[in-house]
$ cat work_2.txt   # compact mmCIF, C-alpha atoms
# COMPACT_ATOMS: atom_id res chain seq x y z
CA MET A 76 1.66 -16.85 -11.24
CA ASP A 77 4.23 -19.65 -11.58
CA GLU A 78 6.65 -20.78 -8.87
CA ALA A 79 9.47 -18.62 -10.24
CA ASP A 80 7.27 -15.52 -10.00
CA LYS A 81 6.19 -16.46 -6.46
CA GLU A 82 9.84 -16.78 -5.44
CA LEU A 83 10.56 -13.36 -6.97
CA LEU A 84 7.67 -11.86 -5.02
CA ARG A 85 9.05 -13.18 -1.75
CA ASP A 86 12.47 -11.56 -1.95
CA GLY A 87 12.59 -9.31 -5.01
CA ARG A 88 15.41 -8.77 -7.47
CA THR A 89 17.51 -5.74 -8.29
CA VAL A 90 16.74 -3.34 -11.14
CA VAL A 91 19.99 -2.44 -12.91
CA VAL A 92 19.69 0.60 -15.17
CA PHE A 93 22.25 1.49 -17.81
CA GLY A 94 21.40 4.90 -19.17
CA SER A 95 21.76 8.63 -19.35
CA MET A 96 22.04 11.20 -16.59
CA ASN A 97 21.32 14.81 -17.55
CA MET A 98 20.80 18.14 -15.90
CA ASP A 99 17.50 19.47 -17.29
CA LEU A 100 17.17 23.17 -18.05
CA SER A 101 13.45 23.77 -18.62
CA VAL A 102 11.45 26.86 -19.60
CA ALA A 103 7.75 27.44 -20.35
CA CYS A 104 6.38 29.57 -23.22
CA ASP A 105 3.03 30.26 -24.85
CA ARG A 106 4.12 28.77 -28.17
CA MET A 107 7.21 27.37 -29.83
CA PRO A 108 9.49 30.05 -31.35
CA LEU A 109 9.85 30.25 -35.10
CA ALA A 110 13.25 29.96 -36.81
CA GLY A 111 15.41 32.89 -35.78
CA GLU A 112 12.78 34.22 -33.37
CA THR A 113 13.22 35.13 -29.71
CA ILE A 114 10.14 34.98 -27.47
CA HIS A 115 9.57 35.49 -23.76
CA GLY A 116 9.44 32.49 -21.48
CA SER A 117 8.66 31.88 -17.82
CA ASP A 118 8.86 29.33 -15.01
CA PHE A 119 12.49 28.41 -15.62
CA VAL A 120 13.50 25.36 -13.59
CA THR A 121 16.57 23.16 -13.36
CA GLY A 122 16.39 19.58 -12.26
CA ALA A 123 17.86 16.11 -12.52
CA GLY A 124 16.89 14.19 -15.65
CA GLY A 125 18.06 11.82 -18.34
CA LYS A 126 16.02 8.80 -19.36
CA GLY A 127 18.24 6.36 -17.51
CA ALA A 128 18.29 8.31 -14.26
CA ASN A 129 14.57 9.09 -14.48
CA GLN A 130 13.74 5.41 -14.90
CA ALA A 131 16.06 4.45 -12.05
CA VAL A 132 14.40 6.99 -9.75
CA ALA A 133 10.93 5.79 -10.76
CA ALA A 134 11.89 2.18 -10.03
CA ALA A 135 13.37 3.11 -6.64
CA ARG A 136 10.37 5.20 -5.61
CA MET A 137 8.09 2.30 -6.52
CA GLY A 138 9.98 0.10 -4.06
CA ALA A 139 12.69 -1.62 -6.10
CA LYS A 140 16.34 -2.09 -5.20
CA VAL A 141 18.15 -0.14 -7.92
CA HIS A 142 21.71 0.24 -9.18
CA MET A 143 22.76 2.74 -11.85
CA ILE A 144 25.41 2.24 -14.52
CA ALA A 145 26.27 5.57 -16.11
CA ALA A 146 28.85 8.33 -16.55
CA VAL A 147 28.83 12.01 -15.61
CA GLY A 148 31.41 14.76 -15.80
CA ALA A 149 33.61 15.72 -12.88
CA ASP A 150 31.62 18.95 -12.54
CA THR A 151 28.91 20.56 -10.43
CA PHE A 152 26.06 19.06 -12.45
CA GLY A 153 27.60 15.60 -12.02
CA ASP A 154 27.90 16.10 -8.26
CA GLN A 155 24.25 17.11 -8.03
CA LEU A 156 22.98 14.23 -10.17
CA VAL A 157 24.86 11.54 -8.24
CA ALA A 158 23.73 13.02 -4.92
CA GLY A 159 20.13 12.97 -6.16
CA LEU A 160 20.30 9.27 -7.01
CA GLU A 161 21.81 8.48 -3.64
CA HIS A 162 19.04 10.46 -1.93
CA ASP A 163 16.58 8.02 -3.53
CA GLY A 164 18.59 5.05 -2.26
CA ILE A 165 20.01 4.12 -5.67
CA GLY A 166 23.43 2.45 -5.80
CA THR A 167 25.93 4.69 -7.60
CA GLY A 168 29.09 2.64 -7.30
CA GLN A 169 29.02 2.05 -11.07
CA VAL A 170 28.51 5.70 -12.01
CA ARG A 171 31.85 6.86 -13.43
CA ARG A 172 33.12 10.44 -12.98
CA LEU A 173 34.96 11.61 -16.10
CA ALA A 174 37.31 14.60 -16.07
CA ASP A 175 37.53 15.12 -19.84
CA VAL A 176 33.83 15.40 -20.79
CA PRO A 177 30.95 17.39 -19.26
CA THR A 178 27.78 16.01 -17.71
CA GLY A 179 24.92 15.63 -20.17
CA VAL A 180 22.41 18.48 -20.46
CA ALA A 181 18.83 18.59 -21.76
CA VAL A 182 17.22 21.90 -22.79
CA ILE A 183 13.43 21.58 -22.54
CA VAL A 184 10.84 23.99 -23.93
CA ARG A 185 7.36 23.47 -22.48
CA THR A 186 4.16 24.72 -24.08
CA GLY A 187 0.53 23.69 -23.81
CA GLY A 188 1.27 20.62 -21.69
CA ASP A 189 3.73 19.33 -24.31
CA ASN A 190 7.49 19.63 -24.60
CA ARG A 191 10.41 19.66 -27.04
CA ILE A 192 13.87 18.61 -25.92
CA VAL A 193 17.41 19.19 -27.20
CA LEU A 194 20.12 16.94 -25.75
CA ALA A 195 23.85 17.56 -25.34
CA ALA A 196 24.97 14.01 -24.54
CA GLY A 197 28.31 14.78 -22.88
CA ALA A 198 29.43 11.88 -20.69
CA ASN A 199 26.37 9.79 -21.56
CA THR A 200 28.00 8.39 -24.69
CA ALA A 201 31.48 7.96 -23.18
CA LEU A 202 31.19 4.38 -21.86
CA ASP A 203 31.97 1.50 -24.19
CA GLY A 204 30.56 -2.01 -24.06
CA ARG A 205 33.54 -3.43 -22.18
CA GLU A 206 33.08 -0.92 -19.38
CA VAL A 207 29.33 -1.53 -19.06
CA ILE A 208 29.80 -5.30 -19.10
CA GLY A 209 32.43 -4.87 -16.37
CA SER A 210 29.90 -2.99 -14.26
CA ILE A 211 27.28 -5.71 -14.73
CA ASP A 212 29.77 -8.37 -13.67
CA ALA A 213 30.87 -6.29 -10.68
CA LEU A 214 27.25 -6.08 -9.47
CA PHE A 215 26.96 -9.86 -9.75
CA ASP A 216 30.26 -10.38 -7.94
CA GLN A 217 29.13 -8.07 -5.11
CA GLY A 218 25.79 -9.86 -4.82
CA ASP A 219 23.93 -6.71 -5.89
CA ALA A 220 22.54 -8.44 -9.01
CA ARG A 221 21.65 -12.05 -9.70
CA ILE A 222 19.65 -14.30 -11.99
CA GLY A 223 16.15 -12.88 -12.34
CA SER A 224 17.20 -9.26 -11.81
CA ILE A 225 15.95 -6.66 -14.26
CA PHE A 226 18.25 -4.95 -16.75
CA LEU A 227 16.79 -1.75 -18.21
CA ALA A 228 18.38 0.27 -21.03
CA GLN A 229 17.39 3.08 -23.40
CA GLY A 230 18.78 4.78 -26.51
CA GLU A 231 20.52 7.86 -25.10
CA CYS A 232 23.90 6.17 -24.54
CA ASP A 233 26.29 4.70 -27.08
CA LEU A 234 24.13 2.24 -29.03
CA LYS A 235 26.90 -0.30 -29.60
CA ALA A 236 27.64 -0.35 -25.87
CA THR A 237 23.92 -0.66 -25.12
CA ALA A 238 23.57 -3.64 -27.47
CA GLN A 239 26.57 -5.41 -25.96
CA ALA A 240 25.28 -4.76 -22.44
CA ILE A 241 21.80 -6.14 -23.26
CA GLU A 242 23.29 -9.30 -24.73
CA HIS A 243 25.58 -9.83 -21.74
CA ALA A 244 22.87 -9.13 -19.15
CA HIS A 245 20.44 -11.53 -20.81
CA ARG A 246 23.01 -14.28 -21.02
CA ARG A 247 23.72 -13.82 -17.31
CA GLY A 248 20.05 -14.56 -16.63
CA MET A 249 18.62 -11.06 -16.27
CA PHE A 250 15.18 -10.03 -17.58
CA THR A 251 16.05 -7.42 -20.20
CA ILE A 252 13.85 -4.40 -20.98
CA PHE A 253 14.79 -2.09 -23.84
CA ASN A 254 13.27 1.36 -24.39
CA PRO A 255 14.42 2.57 -27.85
CA ALA A 256 14.14 6.24 -26.98
CA PRO A 257 15.11 8.35 -28.77
CA ALA A 258 14.05 6.13 -31.67
CA CYS A 259 16.84 3.71 -32.57
CA ASN A 260 17.38 0.13 -33.66
CA LEU A 261 19.48 -2.83 -32.55
CA PRO A 262 21.33 -5.56 -34.44
CA PRO A 263 19.09 -8.60 -35.08
CA GLN A 264 21.05 -10.79 -32.66
CA THR A 265 20.61 -8.20 -29.90
CA TRP A 266 16.85 -7.92 -30.41
CA ARG A 267 16.62 -11.66 -29.64
CA GLU A 268 18.17 -10.97 -26.22
CA VAL A 269 15.39 -8.47 -25.33
CA ASP A 270 12.64 -9.92 -23.12
CA LEU A 271 10.43 -6.82 -23.34
CA VAL A 272 10.58 -3.85 -25.70
CA CYS A 273 8.63 -0.81 -24.53
CA LEU A 274 8.27 2.27 -26.75
CA ASN A 275 5.90 5.07 -27.73
CA GLU A 276 4.01 5.65 -31.01
CA THR A 277 6.76 7.64 -32.74
CA GLU A 278 9.45 5.15 -31.77
CA CYS A 279 7.20 2.29 -32.87
CA GLU A 280 6.87 3.77 -36.35
CA SER A 281 10.64 4.21 -36.55
CA VAL A 282 11.43 0.64 -35.47
CA VAL A 283 8.80 -1.38 -37.39
CA GLY A 284 7.28 1.16 -39.82
CA ILE A 285 3.77 0.96 -38.35
CA VAL A 286 1.94 3.83 -36.66
CA PRO A 287 -0.29 2.34 -33.91
CA THR A 288 -3.31 4.57 -34.59
CA ASP A 289 -6.04 1.97 -33.93
CA GLU A 290 -6.37 -1.54 -32.49
CA ASP A 291 -5.55 -3.32 -35.76
CA ASP A 292 -2.40 -1.25 -36.27
CA CYS A 293 -1.44 -1.73 -32.61
CA ARG A 294 -1.72 -5.48 -33.00
CA ARG A 295 0.32 -5.47 -36.21
CA ALA A 296 2.99 -3.28 -34.67
CA LEU A 297 3.26 -5.37 -31.52
CA GLU A 298 3.38 -8.60 -33.54
CA ALA A 299 6.23 -7.14 -35.62
CA LEU A 300 8.08 -6.12 -32.45
CA CYS A 301 7.61 -9.58 -30.95
CA ARG A 302 9.05 -11.15 -34.09
CA LEU A 303 12.15 -9.04 -33.51
CA THR A 304 12.54 -9.93 -29.85
CA GLU A 305 10.89 -13.34 -29.60
CA GLY A 306 9.62 -11.88 -26.31
CA ALA A 307 6.94 -9.37 -25.29
CA ALA A 308 6.19 -5.86 -26.58
CA LEU A 309 4.41 -2.83 -25.18
CA VAL A 310 3.54 0.47 -26.85
CA THR A 311 2.49 3.55 -24.89
CA LEU A 312 -0.20 5.63 -26.61
CA GLY A 313 -0.32 8.86 -24.59
CA ALA A 314 -3.94 9.70 -23.83
CA GLY A 315 -4.86 6.40 -25.50
CA GLY A 316 -3.23 4.37 -22.72
CA SER A 317 -0.99 1.48 -23.73
CA ALA A 318 -1.17 -1.85 -25.53
CA LEU A 319 0.68 -5.04 -24.63
CA LEU A 320 1.32 -8.30 -26.46
CA PHE A 321 2.78 -11.24 -24.55
CA GLU A 322 2.41 -14.97 -25.08
CA ASP A 323 0.10 -14.21 -28.05
CA GLU A 324 -2.31 -12.29 -25.79
CA TYR A 325 -3.20 -8.71 -26.75
CA VAL A 326 -4.32 -6.34 -24.00
CA HIS A 327 -5.23 -2.66 -24.13
CA LEU A 328 -4.86 -0.66 -20.92
CA PRO A 329 -6.76 2.66 -20.89
CA ALA A 330 -5.07 5.81 -19.65
CA ARG A 331 -6.01 7.50 -16.38
CA THR A 332 -7.66 10.91 -16.74
CA VAL A 333 -5.62 13.75 -15.19
CA ASP A 334 -4.96 17.45 -15.72
CA VAL A 335 -1.72 17.43 -17.70
CA VAL A 336 0.95 19.83 -16.43
CA ASP A 337 4.22 18.43 -17.87
CA THR A 338 4.78 15.26 -19.89
CA THR A 339 8.59 15.29 -19.59
CA ALA A 340 8.94 12.17 -17.43
CA ALA A 341 5.76 10.33 -18.42
CA GLY A 342 7.40 7.53 -20.37
CA ASP A 343 10.33 7.20 -17.98
CA THR A 344 8.01 6.94 -14.98
CA TYR A 345 6.08 4.22 -16.81
CA LEU A 346 9.25 2.23 -17.59
CA GLY A 347 10.72 2.55 -14.12
CA ALA A 348 7.47 1.63 -12.40
CA LEU A 349 6.99 -1.37 -14.69
CA ALA A 350 10.54 -2.58 -14.02
CA ALA A 351 10.05 -2.15 -10.27
CA MET A 352 6.84 -4.16 -10.20
CA ARG A 353 8.35 -6.86 -12.39
CA SER A 354 11.40 -7.07 -10.12
CA GLN A 355 9.07 -7.74 -7.21
CA GLY A 356 7.52 -10.69 -9.03
CA PHE A 357 4.30 -9.21 -10.32
CA PRO A 358 3.05 -10.48 -13.69
CA LEU A 359 3.68 -8.28 -16.70
CA LEU A 360 0.05 -7.19 -17.08
CA ASP A 361 -0.22 -6.16 -13.42
CA SER A 362 3.10 -4.34 -13.70
CA ALA A 363 1.84 -2.40 -16.72
CA GLY A 364 -1.34 -1.44 -14.88
CA GLU A 365 0.64 -0.02 -11.96
CA ALA A 366 2.94 1.79 -14.39
CA THR A 367 -0.10 3.43 -16.00
CA CYS A 368 -1.15 4.89 -12.65
CA ALA A 369 2.36 6.11 -11.77
CA SER A 370 2.75 7.78 -15.16
CA ALA A 371 -0.62 9.51 -14.87
CA LEU A 372 0.32 11.00 -11.52
CA ALA A 373 3.69 12.14 -12.90
CA VAL A 374 2.20 14.16 -15.78
CA SER A 375 0.04 16.09 -13.31
CA ARG A 376 3.24 17.59 -11.84
CA LEU A 377 6.05 19.81 -13.09
CA GLY A 378 9.56 18.56 -13.76
CA ALA A 379 11.32 15.32 -14.59
CA GLN A 380 12.49 13.48 -11.45
CA ALA A 381 10.59 15.98 -9.29
CA SER A 382 7.33 14.72 -10.78
CA ILE A 383 7.94 11.00 -10.23
CA PRO A 384 5.70 9.57 -7.48
CA THR A 385 6.41 7.05 -4.75
CA ALA A 386 4.44 3.84 -4.37
CA GLU A 387 2.68 5.36 -1.37
CA GLU A 388 1.66 8.42 -3.40
CA VAL A 389 0.30 6.23 -6.19
CA MET A 390 -1.73 4.21 -3.70
CA ALA A 391 -3.11 7.35 -2.02
CA TRP A 392 -4.01 8.82 -5.41
CA LEU A 393 -5.80 5.63 -6.46
CA ILE A 394 -7.79 5.63 -3.23
CA GLU A 395 -8.75 9.25 -3.83
CA GLN A 396 -9.81 8.43 -7.41
CA TRP A 397 -11.88 5.51 -6.19
CA GLU A 398 -13.60 7.61 -3.53
CA ASN A 399 -14.35 10.38 -6.05
CA ASP A 400 -15.93 7.85 -8.40
CA ARG A 401 -18.23 6.36 -5.76
$ encode --input "work_2.txt" --output "structure tokens"
Amino acid sequence: MDEADKELLRDGRTVVVFGSMNMDLSVACDRMPLAGETIHGSDFVTGAGGKGANQAVAAARMGAKVHMIAAVGADTFGDQLVAGLEHDGIGTGQVRRLADVPTGVAVIVRTGGDNRIVLAAGANTALDGREVIGSIDALFDQGDARIGSIFLAQGECDLKATAQAIEHAHRRGMFTIFNPAPACNLPPQTWREVDLVCLNETECESVVGIVPTDEDDCRRALEALCRLTEGAALVTLGAGGSALLFEDEYVHLPARTVDVVDTTAAGDTYLGALAAMRSQGFPLLDSAGEATCASALAVSRLGAQASIPTAEEVMAWLIEQWENDR
């Protein structure tokens, strides 16, 4: 760990998340319906979601100081989502309330431990680059963000605004993490402002045309991603764990074995936990290891934000796993 990382570890930096906030409407069924078919479902639940909000909650529960940049409608769902972030100690001063568009909604169908999701973006795509850049600068002016803070973005908001925000955050000295989910791409100049790209197998194929099915393909995919970013790259592999390439070092991290209940927030928990650990000065490899544990615990629970663990829960779970393995 270099001196900059040691200084980060002493006082931490903020995680600033620009991303989506959705109300999730989730139902379980025995199988996916065919075209034009109606089938019976069960276990209907509503809950706070959206990749941006999920990742912000995961970062906060893992001990980071977090601020959210987003937009919701001036409606009941928006009220509930903002209140939920505040309950987790997340700064919401840069969450805009818009009267002319509704809050984003995600309809989730769960079956066999897997899920399929349909998004209605609503207010999530309403902010433009100028507005997001203004929020970043406001956080700096207020002392809520500074050089070395983490900027985390995904693909559920306006992509042009996301690209402009990444470029601005990086040039202000923030460590930028981009999660191209749903699968999307960035202009070449924006990729070079990304310090870490983190994505799953499907998104990896979409971005670089390589399916990471084995170690050789993982290496090739990560090398291609690193050529885009000139930084580090990480691909999550579901039950196969994850693979990381940084400073020409390839590392595979195995997954933790759990009984899978709901995978909805698996990737978001991973990203938020990784950002939190990085903001507290931990090296990238250690941060990815902690993120693996947090994600494993999340998939053993039902819901999106409801499934995301705290740092204390992750530690207790790891101790239990260790004692069971003795």
$ atom_distance --input "work_2.txt" --atom1 "atom CA of A:Gly347" --atom2 "atom CA of A:Ile394"
21.7 Å
$ atom_distance --input "work_2.txt" --atom1 "atom CA of A:Arg295" --atom2 "atom CA of A:Ala341"
24.4 Å
$ residues_around --input "work_2.txt" --residues "stretch 239-244 of chain A" --least-positions-apart "2" --cutoff "7 Å" --atoms "only C-alpha atoms" --output "list in words"
Gly204, Val207, Ile208, Phe226, Lys235, Ala236, Thr237, Arg246, Arg247, Gly248, Met249, Thr251, Thr265 and Glu268 of chain A
$ atom_distance --input "work_2.txt" --atom1 "atom CA of A:Cys104" --atom2 "atom CA of A:Ala123"
20.7 Å
$ closest_residue --input "work_2.txt" --among "A:Ala363, A:Ala103, A:Ile114, A:Ala128" --to "A:Ile383" --atoms "all atoms listed in the file"
A:Ala128
$ residues_around --input "work_2.txt" --residues "A:Glu387" --least-positions-apart "3" --cutoff "12 Å" --atoms "only C-alpha atoms" --output "number ranges by chain"
A: 136-138, 368-369, 372, 383-384, 390-394
$ closest_residue --input "work_2.txt" --among "A:Leu346, A:Ala371, A:Ile285, A:Leu274" --to "A:Gly127" --atoms "only C-alpha atoms"
A:Leu346
$ residues_around --input "work_2.txt" --residues "stretch 329-334 of chain A" --least-positions-apart "6" --cutoff "6 Å" --atoms "only C-alpha atoms" --output "list in words"
Ala314, Gly315, Gly316, Ala371 and Ser375 of chain A
$ closest_residue --input "work_2.txt" --among "A:Gly364, A:Gly148, A:Val272, A:Ser281" --to "A:Ser317" --atoms "all atoms listed in the file"
A:Gly364
$ closest_residue --input "work_2.txt" --among "A:Thr304, A:Gln396, A:Ser382, A:Thr311" --to "A:Glu276" --atoms "all atoms listed in the file"
A:Thr311
$ axis_aligned_box --input "work_2.txt" --around "stretch 300-307 of chain A" --padding-each-side "6 Å" --output "JSON"
{"center_x": 9.7, "center_y": -9.7, "center_z": -29.7, "size_x": 17.6, "size_y": 19.2, "size_z": 20.8}
$ closest_residue --input "work_2.txt" --among "A:Pro255, A:Pro287, A:Pro263, A:Gly116" --to "A:Asp343" --atoms "all atoms listed in the file"
A:Pro255
$ residues_around --input "work_2.txt" --residues "A:Asp175" --least-positions-apart "3" --cutoff "12 Å" --atoms "all atoms listed in the file" --output "number ranges by chain"
A: 146-150, 171-172, 178, 197-198, 201
$ residues_near_point --input "work_2.txt" --point "(15.1, 21.8, -22.1)" --cutoff "12 Å" --atoms "all atoms listed in the file" --output "VMD selection string"
chain A and resid 97 to 104 119 to 125 179 to 186 189 to 195 339 378 to 379
$ closest_residue --input "work_2.txt" --among "A:Asn199, A:Ala386, A:Phe93, A:Pro177" --to "A:Ile144" --atoms "only C-alpha atoms"
A:Phe93
$ build_atoms --input "work_2.txt" --residues "stretch 310-333 of chain A" --atoms "N, CA, C and O atoms" --output "PDB file, keeping the file's coordinate frame"
ATOM      1  N   VAL A 310       3.486  -0.864 -26.274  1.00  0.00           N
ATOM      2  CA  VAL A 310       3.540   0.470 -26.850  1.00  0.00           C
ATOM      3  C   VAL A 310       2.677   1.404 -26.023  1.00  0.00           C
ATOM      4  O   VAL A 310       1.534   1.077 -25.690  1.00  0.00           O
ATOM      5  N   THR A 311       3.252   2.544 -25.626  1.00  0.00           N
ATOM      6  CA  THR A 311       2.490   3.550 -24.890  1.00  0.00           C
ATOM      7  C   THR A 311       1.860   4.503 -25.909  1.00  0.00           C
ATOM      8  O   THR A 311       2.478   4.880 -26.900  1.00  0.00           O
ATOM      9  N   LEU A 312       0.604   4.904 -25.629  1.00  0.00           N
ATOM     10  CA  LEU A 312      -0.200   5.630 -26.610  1.00  0.00           C
ATOM     11  C   LEU A 312      -0.660   6.994 -26.098  1.00  0.00           C
ATOM     12  O   LEU A 312      -1.669   7.522 -26.560  1.00  0.00           O
ATOM     13  N   GLY A 313       0.069   7.573 -25.141  1.00  0.00           N
ATOM     14  CA  GLY A 313      -0.320   8.860 -24.590  1.00  0.00           C
ATOM     15  C   GLY A 313      -1.692   8.791 -23.947  1.00  0.00           C
ATOM     16  O   GLY A 313      -1.962   7.924 -23.097  1.00  0.00           O
ATOM     17  N   ALA A 314      -2.584   9.686 -24.379  1.00  0.00           N
ATOM     18  CA  ALA A 314      -3.940   9.700 -23.830  1.00  0.00           C
ATOM     19  C   ALA A 314      -4.725   8.442 -24.165  1.00  0.00           C
ATOM     20  O   ALA A 314      -5.759   8.161 -23.552  1.00  0.00           O
ATOM     21  N   GLY A 315      -4.198   7.656 -25.131  1.00  0.00           N
ATOM     22  CA  GLY A 315      -4.860   6.400 -25.500  1.00  0.00           C
ATOM     23  C   GLY A 315      -4.478   5.228 -24.622  1.00  0.00           C
ATOM     24  O   GLY A 315      -4.950   4.112 -24.845  1.00  0.00           O
ATOM     25  N   GLY A 316      -3.625   5.448 -23.627  1.00  0.00           N
ATOM     26  CA  GLY A 316      -3.230   4.370 -22.720  1.00  0.00           C
ATOM     27  C   GLY A 316      -2.021   3.620 -23.235  1.00  0.00           C
ATOM     28  O   GLY A 316      -1.030   4.210 -23.677  1.00  0.00           O
ATOM     29  N   SER A 317      -2.090   2.314 -23.237  1.00  0.00           N
ATOM     30  CA  SER A 317      -0.990   1.480 -23.730  1.00  0.00           C
ATOM     31  C   SER A 317      -1.559   0.157 -24.214  1.00  0.00           C
ATOM     32  O   SER A 317      -2.688  -0.225 -23.878  1.00  0.00           O
ATOM     33  N   ALA A 318      -0.774  -0.551 -25.016  1.00  0.00           N
ATOM     34  CA  ALA A 318      -1.170  -1.850 -25.530  1.00  0.00           C
ATOM     35  C   ALA A 318      -0.012  -2.818 -25.358  1.00  0.00           C
ATOM     36  O   ALA A 318       1.149  -2.451 -25.561  1.00  0.00           O
ATOM     37  N   LEU A 319      -0.320  -4.043 -24.998  1.00  0.00           N
ATOM     38  CA  LEU A 319       0.680  -5.040 -24.630  1.00  0.00           C
ATOM     39  C   LEU A 319       0.392  -6.346 -25.359  1.00  0.00           C
ATOM     40  O   LEU A 319      -0.769  -6.780 -25.465  1.00  0.00           O
ATOM     41  N   LEU A 320       1.436  -6.977 -25.861  1.00  0.00           N
ATOM     42  CA  LEU A 320       1.320  -8.300 -26.460  1.00  0.00           C
ATOM     43  C   LEU A 320       2.353  -9.210 -25.816  1.00  0.00           C
ATOM     44  O   LEU A 320       3.549  -8.939 -25.865  1.00  0.00           O
ATOM     45  N   PHE A 321       1.878 -10.262 -25.166  1.00  0.00           N
ATOM     46  CA  PHE A 321       2.780 -11.240 -24.550  1.00  0.00           C
ATOM     47  C   PHE A 321       2.109 -12.599 -24.602  1.00  0.00           C
ATOM     48  O   PHE A 321       0.907 -12.734 -24.390  1.00  0.00           O
ATOM     49  N   GLU A 322       2.913 -13.602 -24.953  1.00  0.00           N
ATOM     50  CA  GLU A 322       2.410 -14.970 -25.080  1.00  0.00           C
ATOM     51  C   GLU A 322       1.162 -15.022 -25.945  1.00  0.00           C
ATOM     52  O   GLU A 322       0.165 -15.687 -25.626  1.00  0.00           O
ATOM     53  N   ASP A 323       1.183 -14.273 -27.063  1.00  0.00           N
ATOM     54  CA  ASP A 323       0.100 -14.210 -28.050  1.00  0.00           C
ATOM     55  C   ASP A 323      -1.190 -13.593 -27.513  1.00  0.00           C
ATOM     56  O   ASP A 323      -2.236 -13.695 -28.153  1.00  0.00           O
ATOM     57  N   GLU A 324      -1.129 -12.947 -26.349  1.00  0.00           N
ATOM     58  CA  GLU A 324      -2.310 -12.290 -25.790  1.00  0.00           C
ATOM     59  C   GLU A 324      -2.176 -10.781 -25.941  1.00  0.00           C
ATOM     60  O   GLU A 324      -1.196 -10.183 -25.500  1.00  0.00           O
ATOM     61  N   TYR A 325      -3.185 -10.150 -26.568  1.00  0.00           N
ATOM     62  CA  TYR A 325      -3.200  -8.710 -26.750  1.00  0.00           C
ATOM     63  C   TYR A 325      -4.091  -8.077 -25.694  1.00  0.00           C
ATOM     64  O   TYR A 325      -5.221  -8.514 -25.478  1.00  0.00           O
ATOM     65  N   VAL A 326      -3.569  -7.034 -25.039  1.00  0.00           N
ATOM     66  CA  VAL A 326      -4.320  -6.340 -24.000  1.00  0.00           C
ATOM     67  C   VAL A 326      -4.170  -4.843 -24.193  1.00  0.00           C
ATOM     68  O   VAL A 326      -3.050  -4.355 -24.401  1.00  0.00           O
ATOM     69  N   HIS A 327      -5.277  -4.124 -24.124  1.00  0.00           N
ATOM     70  CA  HIS A 327      -5.230  -2.660 -24.130  1.00  0.00           C
ATOM     71  C   HIS A 327      -5.523  -2.152 -22.731  1.00  0.00           C
ATOM     72  O   HIS A 327      -6.499  -2.564 -22.104  1.00  0.00           O
ATOM     73  N   LEU A 328      -4.660  -1.256 -22.229  1.00  0.00           N
ATOM     74  CA  LEU A 328      -4.860  -0.660 -20.920  1.00  0.00           C
ATOM     75  C   LEU A 328      -5.212   0.819 -21.105  1.00  0.00           C
ATOM     76  O   LEU A 328      -4.395   1.581 -21.643  1.00  0.00           O
ATOM     77  N   PRO A 329      -6.389   1.249 -20.712  1.00  0.00           N
ATOM     78  CA  PRO A 329      -6.760   2.660 -20.890  1.00  0.00           C
ATOM     79  C   PRO A 329      -5.936   3.568 -19.998  1.00  0.00           C
ATOM     80  O   PRO A 329      -5.437   3.161 -18.947  1.00  0.00           O
ATOM     81  N   ALA A 330      -5.786   4.818 -20.437  1.00  0.00           N
ATOM     82  CA  ALA A 330      -5.070   5.810 -19.650  1.00  0.00           C
ATOM     83  C   ALA A 330      -5.936   6.294 -18.501  1.00  0.00           C
ATOM     84  O   ALA A 330      -7.164   6.171 -18.525  1.00  0.00           O
ATOM     85  N   ARG A 331      -5.317   6.844 -17.476  1.00  0.00           N
ATOM     86  CA  ARG A 331      -6.010   7.500 -16.380  1.00  0.00           C
ATOM     87  C   ARG A 331      -6.206   8.974 -16.721  1.00  0.00           C
ATOM     88  O   ARG A 331      -5.304   9.611 -17.256  1.00  0.00           O
ATOM     89  N   THR A 332      -7.361   9.517 -16.422  1.00  0.00           N
ATOM     90  CA  THR A 332      -7.660  10.910 -16.740  1.00  0.00           C
ATOM     91  C   THR A 332      -7.086  11.829 -15.674  1.00  0.00           C
ATOM     92  O   THR A 332      -7.408  11.693 -14.489  1.00  0.00           O
ATOM     93  N   VAL A 333      -6.227  12.765 -16.098  1.00  0.00           N
ATOM     94  CA  VAL A 333      -5.620  13.750 -15.190  1.00  0.00           C
ATOM     95  C   VAL A 333      -5.509  15.077 -15.908  1.00  0.00           C
ATOM     96  O   VAL A 333      -5.604  15.156 -17.133  1.00  0.00           O
TER      97      VAL A 333
END
